[in-house]
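See below for data.cif, which holds mmCIF, C-alpha atoms.
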```
data_input
loop_
_atom_site.group_PDB
_atom_site.id
_atom_site.type_symbol
_atom_site.label_atom_id
_atom_site.label_comp_id
_atom_site.auth_asym_id
_atom_site.auth_seq_id
_atom_site.Cartn_x
_atom_site.Cartn_y
_atom_site.Cartn_z
ATOM 1 C CA MET A 50 25.699 5.978 -11.736
ATOM 2 C CA THR A 51 23.173 3.145 -12.187
ATOM 3 C CA ILE A 52 20.081 3.329 -9.978
ATOM 4 C CA VAL A 53 18.179 0.205 -8.940
ATOM 5 C CA VAL A 54 14.523 0.325 -7.949
ATOM 6 C CA PHE A 55 13.045 -2.617 -6.040
ATOM 7 C CA GLY A 56 9.324 -2.478 -5.541
ATOM 8 C CA SER A 57 5.822 -2.373 -6.894
ATOM 9 C CA ILE A 58 4.533 -2.298 -10.451
ATOM 10 C CA ASN A 59 0.817 -1.509 -10.791
ATOM 11 C CA MET A 60 -1.763 -0.561 -13.347
ATOM 12 C CA ASP A 61 -3.562 2.587 -12.169
ATOM 13 C CA LEU A 62 -7.320 2.740 -12.755
ATOM 14 C CA VAL A 63 -8.062 6.449 -12.503
ATOM 15 C CA VAL A 64 -11.369 8.288 -12.289
ATOM 16 C CA ARG A 65 -11.639 12.086 -12.371
ATOM 17 C CA THR A 66 -14.409 13.395 -10.122
ATOM 18 C CA PRO A 67 -15.609 16.865 -9.012
ATOM 19 C CA ARG A 68 -14.770 16.001 -5.406
ATOM 20 C CA LEU A 69 -13.827 12.935 -3.404
ATOM 21 C CA PRO A 70 -16.926 10.972 -2.307
ATOM 22 C CA ALA A 71 -18.010 10.683 1.310
ATOM 23 C CA PRO A 72 -18.536 7.180 2.743
ATOM 24 C CA GLY A 73 -21.615 5.607 1.154
ATOM 25 C CA GLU A 74 -21.920 8.358 -1.478
ATOM 26 C CA THR A 75 -22.119 7.798 -5.241
ATOM 27 C CA LEU A 76 -20.756 10.500 -7.560
ATOM 28 C CA THR A 77 -20.693 10.912 -11.316
ATOM 29 C CA GLY A 78 -17.135 11.257 -12.559
ATOM 30 C CA HIS A 79 -15.714 13.286 -15.434
ATOM 31 C CA SER A 80 -13.549 10.621 -17.041
ATOM 32 C CA PHE A 81 -11.732 7.312 -16.610
ATOM 33 C CA PHE A 82 -8.370 6.101 -17.866
ATOM 34 C CA THR A 83 -5.729 3.500 -17.125
ATOM 35 C CA ALA A 84 -2.046 4.362 -16.735
ATOM 36 C CA PRO A 85 1.028 2.388 -15.644
ATOM 37 C CA GLY A 86 1.943 3.083 -12.021
ATOM 38 C CA GLY A 87 3.106 1.531 -8.779
ATOM 39 C CA LYS A 88 5.467 3.441 -6.517
ATOM 40 C CA GLY A 89 8.444 1.340 -7.547
ATOM 41 C CA ALA A 90 7.834 1.608 -11.278
ATOM 42 C CA ASN A 91 7.007 5.315 -10.978
ATOM 43 C CA GLN A 92 10.331 5.994 -9.283
ATOM 44 C CA ALA A 93 12.169 3.940 -11.888
ATOM 45 C CA VAL A 94 10.573 5.940 -14.711
ATOM 46 C CA ALA A 95 11.350 9.193 -12.879
ATOM 47 C CA CYS A 96 15.049 8.256 -12.716
ATOM 48 C CA ALA A 97 15.237 7.077 -16.332
ATOM 49 C CA ARG A 98 13.477 10.191 -17.640
ATOM 50 C CA LEU A 99 16.136 12.295 -15.904
ATOM 51 C CA GLY A 100 18.916 10.439 -17.707
ATOM 52 C CA ALA A 101 20.066 7.852 -15.151
ATOM 53 C CA PRO A 102 20.657 4.226 -16.202
ATOM 54 C CA THR A 103 17.882 2.526 -14.225
ATOM 55 C CA ARG A 104 17.069 -1.103 -13.473
ATOM 56 C CA MET A 105 13.715 -2.272 -12.114
ATOM 57 C CA VAL A 106 13.349 -5.395 -9.956
ATOM 58 C CA GLY A 107 9.839 -6.619 -9.147
ATOM 59 C CA ARG A 108 6.945 -8.678 -10.470
ATOM 60 C CA VAL A 109 3.959 -8.389 -12.784
ATOM 61 C CA GLY A 110 1.157 -10.866 -13.403
ATOM 62 C CA ASP A 111 0.622 -13.003 -16.484
ATOM 63 C CA ASP A 112 -2.468 -10.982 -17.415
ATOM 64 C CA LEU A 113 -2.914 -8.278 -20.046
ATOM 65 C CA PHE A 114 -1.832 -5.576 -17.603
ATOM 66 C CA GLY A 115 1.476 -7.370 -16.997
ATOM 67 C CA GLU A 116 2.681 -7.045 -20.569
ATOM 68 C CA GLN A 117 1.460 -3.450 -20.762
ATOM 69 C CA LEU A 118 3.397 -2.602 -17.587
ATOM 70 C CA ARG A 119 6.610 -4.149 -18.899
ATOM 71 C CA HIS A 120 6.193 -2.311 -22.200
ATOM 72 C CA SER A 121 5.753 0.984 -20.366
ATOM 73 C CA LEU A 122 8.966 0.509 -18.390
ATOM 74 C CA ARG A 123 10.906 -0.273 -21.559
ATOM 75 C CA SER A 124 9.371 2.662 -23.422
ATOM 76 C CA PHE A 125 10.733 5.057 -20.795
ATOM 77 C CA GLY A 126 14.201 3.502 -20.910
ATOM 78 C CA VAL A 127 14.011 1.383 -17.745
ATOM 79 C CA GLN A 128 15.832 -1.957 -17.922
ATOM 80 C CA ASP A 129 13.215 -4.589 -17.081
ATOM 81 C CA ASP A 130 15.271 -7.801 -17.113
ATOM 82 C CA GLY A 131 14.861 -7.858 -13.314
ATOM 83 C CA VAL A 132 11.061 -7.978 -13.624
ATOM 84 C CA LEU A 133 9.555 -11.464 -13.260
ATOM 85 C CA THR A 134 6.190 -12.464 -14.712
ATOM 86 C CA THR A 135 4.347 -14.540 -12.113
ATOM 87 C CA PRO A 136 1.058 -16.482 -12.392
ATOM 88 C CA GLY A 137 -2.023 -14.463 -11.473
ATOM 89 C CA PRO A 138 -3.091 -10.824 -11.739
ATOM 90 C CA SER A 139 -0.834 -7.792 -11.783
ATOM 91 C CA GLY A 140 -1.100 -5.202 -9.031
ATOM 92 C CA VAL A 141 -3.680 -2.476 -9.500
ATOM 93 C CA ALA A 142 -4.385 0.870 -7.844
ATOM 94 C CA LEU A 143 -7.883 2.376 -7.804
ATOM 95 C CA ILE A 144 -7.440 6.157 -7.824
ATOM 96 C CA ALA A 145 -9.942 9.009 -7.561
ATOM 97 C CA VAL A 146 -8.683 12.519 -8.400
ATOM 98 C CA ASP A 147 -10.864 15.564 -7.690
ATOM 99 C CA ASP A 148 -10.978 19.028 -9.256
ATOM 100 C CA ALA A 149 -8.575 20.343 -6.593
ATOM 101 C CA ALA A 150 -6.006 17.704 -7.696
ATOM 102 C CA GLU A 151 -6.328 15.799 -4.419
ATOM 103 C CA ASN A 152 -6.622 12.021 -4.557
ATOM 104 C CA THR A 153 -7.519 8.840 -2.736
ATOM 105 C CA ILE A 154 -5.895 5.510 -3.611
ATOM 106 C CA VAL A 155 -6.758 1.872 -2.895
ATOM 107 C CA ILE A 156 -4.090 -0.697 -3.805
ATOM 108 C CA VAL A 157 -4.611 -4.383 -4.604
ATOM 109 C CA PRO A 158 -1.101 -5.937 -4.517
ATOM 110 C CA GLY A 159 -1.552 -8.778 -7.012
ATOM 111 C CA ALA A 160 1.868 -9.943 -8.209
ATOM 112 C CA ASN A 161 3.574 -7.418 -5.915
ATOM 113 C CA GLY A 162 2.433 -9.492 -2.960
ATOM 114 C CA ALA A 163 4.385 -12.475 -4.311
ATOM 115 C CA VAL A 164 7.735 -10.653 -4.183
ATOM 116 C CA GLY A 165 9.958 -12.578 -1.783
ATOM 117 C CA SER A 166 13.297 -14.229 -1.136
ATOM 118 C CA GLU A 167 13.311 -15.731 -4.631
ATOM 119 C CA ASP A 168 13.732 -12.214 -6.008
ATOM 120 C CA MET A 169 16.932 -11.483 -4.059
ATOM 121 C CA PRO A 170 19.368 -13.037 -6.580
ATOM 122 C CA ARG A 171 17.981 -10.820 -9.346
ATOM 123 C CA LEU A 172 18.285 -7.793 -7.075
ATOM 124 C CA GLU A 173 21.854 -8.651 -6.095
ATOM 125 C CA ARG A 174 22.874 -8.944 -9.759
ATOM 126 C CA ALA A 175 21.220 -5.625 -10.539
ATOM 127 C CA LEU A 176 23.049 -3.926 -7.652
ATOM 128 C CA ASP A 177 26.519 -4.624 -9.043
ATOM 129 C CA GLY A 178 28.034 -1.155 -9.491
ATOM 130 C CA ALA A 179 24.806 0.668 -8.528
ATOM 131 C CA ARG A 180 24.981 4.055 -6.789
ATOM 132 C CA ALA A 181 21.509 4.026 -5.227
ATOM 133 C CA LEU A 182 18.705 1.642 -4.301
ATOM 134 C CA LEU A 183 15.145 2.980 -4.097
ATOM 135 C CA LEU A 184 12.636 1.111 -1.916
ATOM 136 C CA GLN A 185 8.964 1.546 -0.964
ATOM 137 C CA LEU A 186 6.418 -0.442 1.069
ATOM 138 C CA GLU A 187 4.054 -1.806 -1.597
ATOM 139 C CA THR A 188 5.815 -5.201 -1.472
ATOM 140 C CA PRO A 189 6.085 -7.450 1.636
ATOM 141 C CA LEU A 190 7.944 -5.726 4.464
ATOM 142 C CA ALA A 191 10.336 -8.614 5.132
ATOM 143 C CA THR A 192 11.434 -8.495 1.503
ATOM 144 C CA VAL A 193 11.971 -4.727 1.659
ATOM 145 C CA ALA A 194 14.264 -5.263 4.659
ATOM 146 C CA ALA A 195 16.167 -7.992 2.808
ATOM 147 C CA ALA A 196 16.572 -5.656 -0.181
ATOM 148 C CA ALA A 197 17.862 -2.886 2.088
ATOM 149 C CA ARG A 198 20.445 -5.273 3.543
ATOM 150 C CA ALA A 199 21.555 -6.227 0.028
ATOM 151 C CA GLY A 200 21.875 -2.579 -0.976
ATOM 152 C CA ARG A 201 23.856 -1.684 2.133
ATOM 153 C CA ALA A 202 26.181 -4.669 1.647
ATOM 154 C CA ARG A 203 26.984 -3.504 -1.884
ATOM 155 C CA GLY A 204 27.610 0.120 -0.980
ATOM 156 C CA ALA A 205 24.509 1.613 -2.597
ATOM 157 C CA THR A 206 22.762 4.578 -0.993
ATOM 158 C CA VAL A 207 19.504 3.136 0.358
ATOM 159 C CA ILE A 208 16.563 5.539 -0.091
ATOM 160 C CA LEU A 209 13.380 4.301 1.577
ATOM 161 C CA ASP A 210 9.985 5.824 0.836
ATOM 162 C CA PRO A 211 7.821 4.530 3.741
ATOM 163 C CA ALA A 212 4.607 4.452 1.733
ATOM 164 C CA PRO A 213 2.017 3.259 2.336
ATOM 165 C CA ALA A 214 2.940 3.897 5.963
ATOM 166 C CA LEU A 215 3.046 1.037 8.445
ATOM 167 C CA PRO A 216 5.124 0.298 11.541
ATOM 168 C CA LEU A 217 8.751 -0.363 10.604
ATOM 169 C CA PRO A 218 11.217 -2.646 12.382
ATOM 170 C CA ASP A 219 14.192 -0.922 13.990
ATOM 171 C CA GLU A 220 16.519 -2.673 11.551
ATOM 172 C CA LEU A 221 14.905 -0.987 8.564
ATOM 173 C CA TYR A 222 15.372 2.482 10.039
ATOM 174 C CA ALA A 223 19.044 1.667 10.583
ATOM 175 C CA LEU A 224 19.428 0.414 7.012
ATOM 176 C CA ALA A 225 17.937 3.584 5.501
ATOM 177 C CA ASP A 226 20.513 6.154 4.460
ATOM 178 C CA ILE A 227 17.616 8.447 3.541
ATOM 179 C CA LEU A 228 13.997 8.124 4.699
ATOM 180 C CA THR A 229 11.445 10.166 2.699
ATOM 181 C CA PRO A 230 7.930 10.190 4.230
ATOM 182 C CA ASN A 231 5.290 12.736 3.352
ATOM 183 C CA GLU A 232 3.269 14.510 6.056
ATOM 184 C CA SER A 233 0.710 11.765 6.627
ATOM 185 C CA GLU A 234 3.335 9.025 6.600
ATOM 186 C CA ALA A 235 5.516 10.914 9.075
ATOM 187 C CA THR A 236 2.454 11.322 11.297
ATOM 188 C CA THR A 237 1.677 7.605 11.143
ATOM 189 C CA LEU A 238 5.266 6.598 11.876
ATOM 190 C CA THR A 239 5.823 8.975 14.792
ATOM 191 C CA GLY A 240 2.405 9.810 16.229
ATOM 192 C CA ILE A 241 3.292 13.510 15.813
ATOM 193 C CA PRO A 242 0.640 15.367 13.751
ATOM 194 C CA VAL A 243 2.664 16.944 10.939
ATOM 195 C CA HIS A 244 1.045 20.120 9.602
ATOM 196 C CA ASP A 245 3.818 22.744 9.457
ATOM 197 C CA GLU A 246 7.602 23.172 9.559
ATOM 198 C CA GLN A 247 7.817 22.922 13.344
ATOM 199 C CA SER A 248 5.879 19.667 13.611
ATOM 200 C CA ALA A 249 7.759 18.279 10.606
ATOM 201 C CA ALA A 250 11.052 19.062 12.318
ATOM 202 C CA ALA A 251 9.922 17.257 15.461
ATOM 203 C CA ALA A 252 8.868 14.207 13.443
ATOM 204 C CA ALA A 253 12.111 14.202 11.465
ATOM 205 C CA ARG A 254 14.159 14.247 14.675
ATOM 206 C CA ALA A 255 12.076 11.390 16.077
ATOM 207 C CA LEU A 256 12.702 9.318 12.958
ATOM 208 C CA ARG A 257 16.426 10.013 13.111
ATOM 209 C CA ALA A 258 16.409 8.870 16.721
ATOM 210 C CA ARG A 259 15.141 5.510 15.501
ATOM 211 C CA GLY A 260 18.210 5.072 13.289
ATOM 212 C CA ALA A 261 17.598 6.752 9.925
ATOM 213 C CA ARG A 262 20.687 8.771 8.961
ATOM 214 C CA THR A 263 18.849 11.439 6.984
ATOM 215 C CA VAL A 264 15.118 12.150 7.025
ATOM 216 C CA ILE A 265 13.414 14.217 4.340
ATOM 217 C CA ILE A 266 9.753 15.036 4.965
ATOM 218 C CA LYS A 267 7.903 15.943 1.775
ATOM 219 C CA LEU A 268 5.500 18.783 2.555
ATOM 220 C CA GLY A 269 3.639 18.961 -0.752
ATOM 221 C CA ALA A 270 3.006 22.500 -1.975
ATOM 222 C CA ARG A 271 5.019 23.920 0.948
ATOM 223 C CA GLY A 272 8.320 22.223 0.053
ATOM 224 C CA ALA A 273 10.517 19.807 1.996
ATOM 225 C CA LEU A 274 12.295 19.620 5.331
ATOM 226 C CA ALA A 275 15.450 17.589 5.966
ATOM 227 C CA ALA A 276 17.116 16.512 9.181
ATOM 228 C CA ASP A 277 20.588 14.985 9.370
ATOM 229 C CA ALA A 278 23.748 15.237 11.449
ATOM 230 C CA ASN A 279 24.074 18.879 10.367
ATOM 231 C CA GLY A 280 20.680 19.880 11.762
ATOM 232 C CA VAL A 281 17.285 20.711 10.261
ATOM 233 C CA ARG A 282 16.757 22.697 7.052
ATOM 234 C CA PHE A 283 13.736 23.721 4.997
ATOM 235 C CA TRP A 284 13.391 24.259 1.239
ATOM 236 C CA PRO A 285 10.306 25.977 -0.259
ATOM 237 C CA ALA A 286 8.453 24.367 -3.149
ATOM 238 C CA PHE A 287 8.475 25.613 -6.716
ATOM 239 C CA THR A 288 5.253 27.408 -7.668
ATOM 240 C CA VAL A 289 3.200 25.586 -10.307
ATOM 241 C CA THR A 290 -0.454 25.001 -11.149
ATOM 242 C CA ALA A 291 -1.377 21.481 -10.054
ATOM 243 C CA VAL A 292 -3.808 19.303 -11.985
ATOM 244 C CA ASP A 293 -2.972 15.863 -10.537
ATOM 245 C CA THR A 294 -0.834 15.143 -7.462
ATOM 246 C CA VAL A 295 -0.597 11.365 -8.049
ATOM 247 C CA ALA A 296 3.058 10.218 -7.952
ATOM 248 C CA ALA A 297 4.488 13.615 -6.977
ATOM 249 C CA GLY A 298 6.361 11.946 -4.135
ATOM 250 C CA ASP A 299 7.744 9.342 -6.526
ATOM 251 C CA ALA A 300 8.980 12.095 -8.830
ATOM 252 C CA PHE A 301 10.681 13.743 -5.834
ATOM 253 C CA ASN A 302 12.501 10.536 -4.948
ATOM 254 C CA GLY A 303 13.597 10.073 -8.543
ATOM 255 C CA GLY A 304 15.011 13.580 -8.790
ATOM 256 C CA LEU A 305 16.753 13.228 -5.443
ATOM 257 C CA ALA A 306 18.314 9.866 -6.355
ATOM 258 C CA VAL A 307 19.560 10.973 -9.767
ATOM 259 C CA ALA A 308 21.218 14.106 -8.380
ATOM 260 C CA LEU A 309 22.914 12.157 -5.587
ATOM 261 C CA SER A 310 24.040 9.427 -7.991
ATOM 262 C CA GLU A 311 25.745 12.132 -10.058
ATOM 263 C CA GLY A 312 27.634 13.344 -6.988
ATOM 264 C CA ARG A 313 25.706 16.601 -6.656
ATOM 265 C CA PRO A 314 25.562 18.299 -3.222
ATOM 266 C CA PHE A 315 22.708 17.305 -0.927
ATOM 267 C CA GLU A 316 21.115 20.765 -1.091
ATOM 268 C CA GLU A 317 21.071 20.613 -4.882
ATOM 269 C CA ALA A 318 19.618 17.092 -4.786
ATOM 270 C CA ILE A 319 16.722 18.391 -2.685
ATOM 271 C CA ARG A 320 16.054 21.048 -5.312
ATOM 272 C CA TRP A 321 16.086 18.371 -8.014
ATOM 273 C CA GLY A 322 13.525 16.418 -6.012
ATOM 274 C CA LEU A 323 11.326 19.461 -5.486
ATOM 275 C CA ALA A 324 11.518 20.438 -9.157
ATOM 276 C CA ALA A 325 10.662 16.914 -10.311
ATOM 277 C CA GLY A 326 7.718 16.746 -7.913
ATOM 278 C CA ALA A 327 6.448 20.168 -8.965
ATOM 279 C CA LEU A 328 6.608 19.360 -12.669
ATOM 280 C CA SER A 329 4.843 16.031 -12.182
ATOM 281 C CA VAL A 330 1.704 17.653 -10.725
ATOM 282 C CA THR A 331 1.242 19.780 -13.845
ATOM 283 C CA LYS A 332 0.342 16.659 -15.894
ATOM 284 C CA HIS A 333 -2.151 13.823 -15.534
ATOM 285 C CA GLY A 334 -1.203 10.259 -14.662
ATOM 286 C CA ALA A 335 1.720 8.744 -12.799
ATOM 287 C CA GLN A 336 4.502 7.648 -15.146
ATOM 288 C CA PRO A 337 3.377 9.917 -18.017
ATOM 289 C CA SER A 338 3.769 12.925 -15.694
ATOM 290 C CA MET A 339 7.446 12.341 -14.888
ATOM 291 C CA PRO A 340 9.549 15.245 -16.219
ATOM 292 C CA ASP A 341 12.564 14.923 -18.474
ATOM 293 C CA ARG A 342 15.965 16.371 -17.661
ATOM 294 C CA ALA A 343 15.556 19.538 -19.740
ATOM 295 C CA GLU A 344 12.295 20.422 -17.987
ATOM 296 C CA LEU A 345 13.834 19.859 -14.568
ATOM 297 C CA LEU A 346 16.945 21.907 -15.249
ATOM 298 C CA ALA A 347 14.851 24.765 -16.621
ATOM 299 C CA LEU A 348 12.670 24.915 -13.511
ATOM 300 C CA SER A 349 15.344 24.288 -10.898
ATOM 301 C CA GLY A 350 17.848 26.729 -12.353
ATOM 302 C CA VAL A 351 20.797 24.364 -11.825
ATOM 303 C CA ARG A 352 23.331 23.399 -14.428
ATOM 304 C CA GLY A 353 23.104 20.055 -16.234
#
```
As structure tokens, how would this structure be written, given the file I've shared?
Amino acid sequence: MTIVVFGSINMDLVVRTPRLPAPGETLTGHSFFTAPGGKGANQAVACARLGAPTRMVGRVGDDLFGEQLRHSLRSFGVQDDGVLTTPGPSGVALIAVDDAAENTIVIVPGANGAVGSEDMPRLERALDGARALLLQLETPLATVAAAARAGRARGATVILDPAPALPLPDELYALADILTPNESEATTLTGIPVHDEQSAAAAARALRARGARTVIIKLGARGALAADANGVRFWPAFTVTAVDTVAAGDAFNGGLAVALSEGRPFEEAIRWGLAAGALSVTKHGAQPSMPDRAELLALSGVRG
């Protein structure tokens, strides 16, 4: 049931602020902290925290952040032998979080931008016997497509989180067993403004028409909507008090992947994703907010 994550590894530079600033505005923040992040690394930690053997493939820089990022992965139980240290800075994300738990994020790729064909042999070794491959779009798009081909060739379920959203080649849609955009990403990909269940259903159908087998649109505090060959279904979110929504989508993907890798039914896997995402917003930070298996099972009400 090994899960492989191929993608970004960042250091998050986080400021807490009363509200998000308008263009040209300067605000005084409440606090500042650094925390390991990156959509790839976040998803790897989410899977490992839920008990799945997890391997990370990506790159960090040879700076101070690079060693801290590798240490964080290891501390959460993620196997990091697929992570290469490359000359130059590690990736960073500049994040502002307001009192309503909303956020804005600016990413500087750093070492993530150097991920390329040279990383494929490490990925292929990691995929031996893997059940699932998690991908995102914080590394070069051509490399993401190559990784998806490698995952498909080795029989892994390819789960693509199209974030940050950008136009995708038709091949990548066809390689995705499961595509998991949030509302804004689904809007960007389809041109359909997603703001409720009906518009989400229309966007999900449009994305399936492009080749994705299953589309799950993450609707934040409302829940999630899925479209596949069996039709369109909606699941409500778990009710929690949010303090920080950073990495909630990554937690969802981790919960979803772990449940599927254990052979659980699709409907139950959605609930795992929703429970993981809900629990993550009750804590600050990205990787530190990922729930453990006991927390998830208690909230979701499913058996371990």
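You will find CA of Met169 in chain A at 22.3 Å from CA of Glu116 in chain A.
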Q: May I ask for the distance between CA of Asp112 in chain A and CA of Thr192 in chain A, given in Å to one decimal place?
A: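 That distance, rounded to one decimal, is 23.6 Å.
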(Q) To test your reading of the syntax: which residues would the PyMOL selection byres ((chain A and resi 109) around 12) return for the file shown? Reply as a ChimeraX atom specification. (A) /A:56-60,85-87,89-90,105-108,110-120,122,129,131-141,158-164,188
Q. Just so the selection is clear, what residues does the PyMOL selection byres ((chain A and resi 83) around 8) cover here, as a list in words?
A.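 Applying the expression gives Met60, Asp61, Leu62, Val63, Phe81, Phe82, Ala84 and Pro85 of chain A.
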Q | Shell of 12 Å around Val53 in chain A, all atoms listed in the file, local chain residues under 4 positions omitted, as a PyMOL selection string | A | chain A and resi 89-90+92-97+101-107+127-132+171-184+196-197+199-200+203+205-208+303+306-307+310
Since I can't run it myself right now, could you work out what the PyMOL selection byres ((chain A and resi 215) around 12) selects here and report it as a CSV table (one decimal) with C-alpha atoms, keeping the file's coordinate frame?
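Dumped everything to part_27.csv:
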```csv
chain,number,residue,atom,x,y,z
A,185,GLN,CA,9.0,1.5,-1.0
A,186,LEU,CA,6.4,-0.4,1.1
A,187,GLU,CA,4.1,-1.8,-1.6
A,189,PRO,CA,6.1,-7.4,1.6
A,190,LEU,CA,7.9,-5.7,4.5
A,210,ASP,CA,10.0,5.8,0.8
A,211,PRO,CA,7.8,4.5,3.7
A,212,ALA,CA,4.6,4.5,1.7
A,213,PRO,CA,2.0,3.3,2.3
A,214,ALA,CA,2.9,3.9,6.0
A,216,PRO,CA,5.1,0.3,11.5
A,217,LEU,CA,8.8,-0.4,10.6
A,218,PRO,CA,11.2,-2.6,12.4
A,230,PRO,CA,7.9,10.2,4.2
A,233,SER,CA,0.7,11.8,6.6
A,234,GLU,CA,3.3,9.0,6.6
A,235,ALA,CA,5.5,10.9,9.1
A,236,THR,CA,2.5,11.3,11.3
A,237,THR,CA,1.7,7.6,11.1
A,238,LEU,CA,5.3,6.6,11.9
A,239,THR,CA,5.8,9.0,14.8
A,240,GLY,CA,2.4,9.8,16.2
```
Q: Work out how far apart CA of Asp148 in chain A and CA of Pro67 in chain A are and give it in Å to one decimal.
A: 5.1 Å
Q: Find the residues around range 337-346 of chain A up to 8 Å (only C-alpha atoms counted), leave out those fewer than 6 positions away in its own chain, and share them as a list of chain:residue names.
A: A:Ala84, A:Val94, A:Ala95, A:Arg98, A:Leu99, A:Gly100, A:Ala300, A:Trp321, A:Ala324, A:Ala325, A:Leu328, A:Ser329, A:Val330, A:Thr331, A:Arg352, A:Gly353
Q. Taking only C-alpha atoms into account, which of A:Ile266, A:Ala258, A:Ala252, A:Met50 comes nearest Thr229 in chain A?
A. A:Ile266
**Q.** Nearest candidate to Lys267 in chain A (options A:Pro242, A:Gly322, A:Gly304, A:Gly312; using all atoms listed in the file)
**A.**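 Looking only at the distances to Lys267 in chain A, the closest residue turns out to be A:Gly322.
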For range 143-149 of chain A, I'd like the enclosing box, axis-aligned and padded by 8 Å on every side, reported as lines of an AutoDock Vina configuration file with centre and edge lengths in Å to one decimal.
```
center_x = -9.2
center_y = 11.4
center_z = -7.9
size_x = 19.5
size_y = 34.0
size_z = 18.7
```
Q: Give the answer as one residue: which of A:Thr153, A:Ala308, A:Leu274, A:Ala297 has the shortest atom-to-atom distance to Ala71 in chain A, using all atoms listed in the file?
A: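 Residue with the minimum atom-to-atom distance to Ala71 in chain A: A:Thr153.
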Near range 283-294 of chain A, 12 Å: range 151-199 of chain A residue rows, closest pairs, only C-alpha atoms, as a Markdown table:
```
| residue | atom | partner | partner_atom | distance |
| --- | --- | --- | --- | --- |
| A:Glu151 | CA | A:Thr294 | CA | 6.3 |
| A:Asn152 | CA | A:Thr294 | CA | 7.2 |
| A:Thr153 | CA | A:Thr294 | CA | 10.3 |
| A:Ile154 | CA | A:Thr294 | CA | 11.5 |
```
Q. So, counting only C-alpha atoms, which residue among A:Thr75, A:Thr263, A:Asn279, A:Ser121 is closest to Ala223 in chain A?
A. A:Thr263
Q. Between A:Val243, A:Glu317, A:Leu143, A:Phe55, which is the closest to Ala194 in chain A once you count only C-alpha atoms?
A.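 Of A:Val243, A:Glu317, A:Leu143, A:Phe55, the one nearest Ala194 in chain A is A:Phe55, counting only C-alpha atoms.
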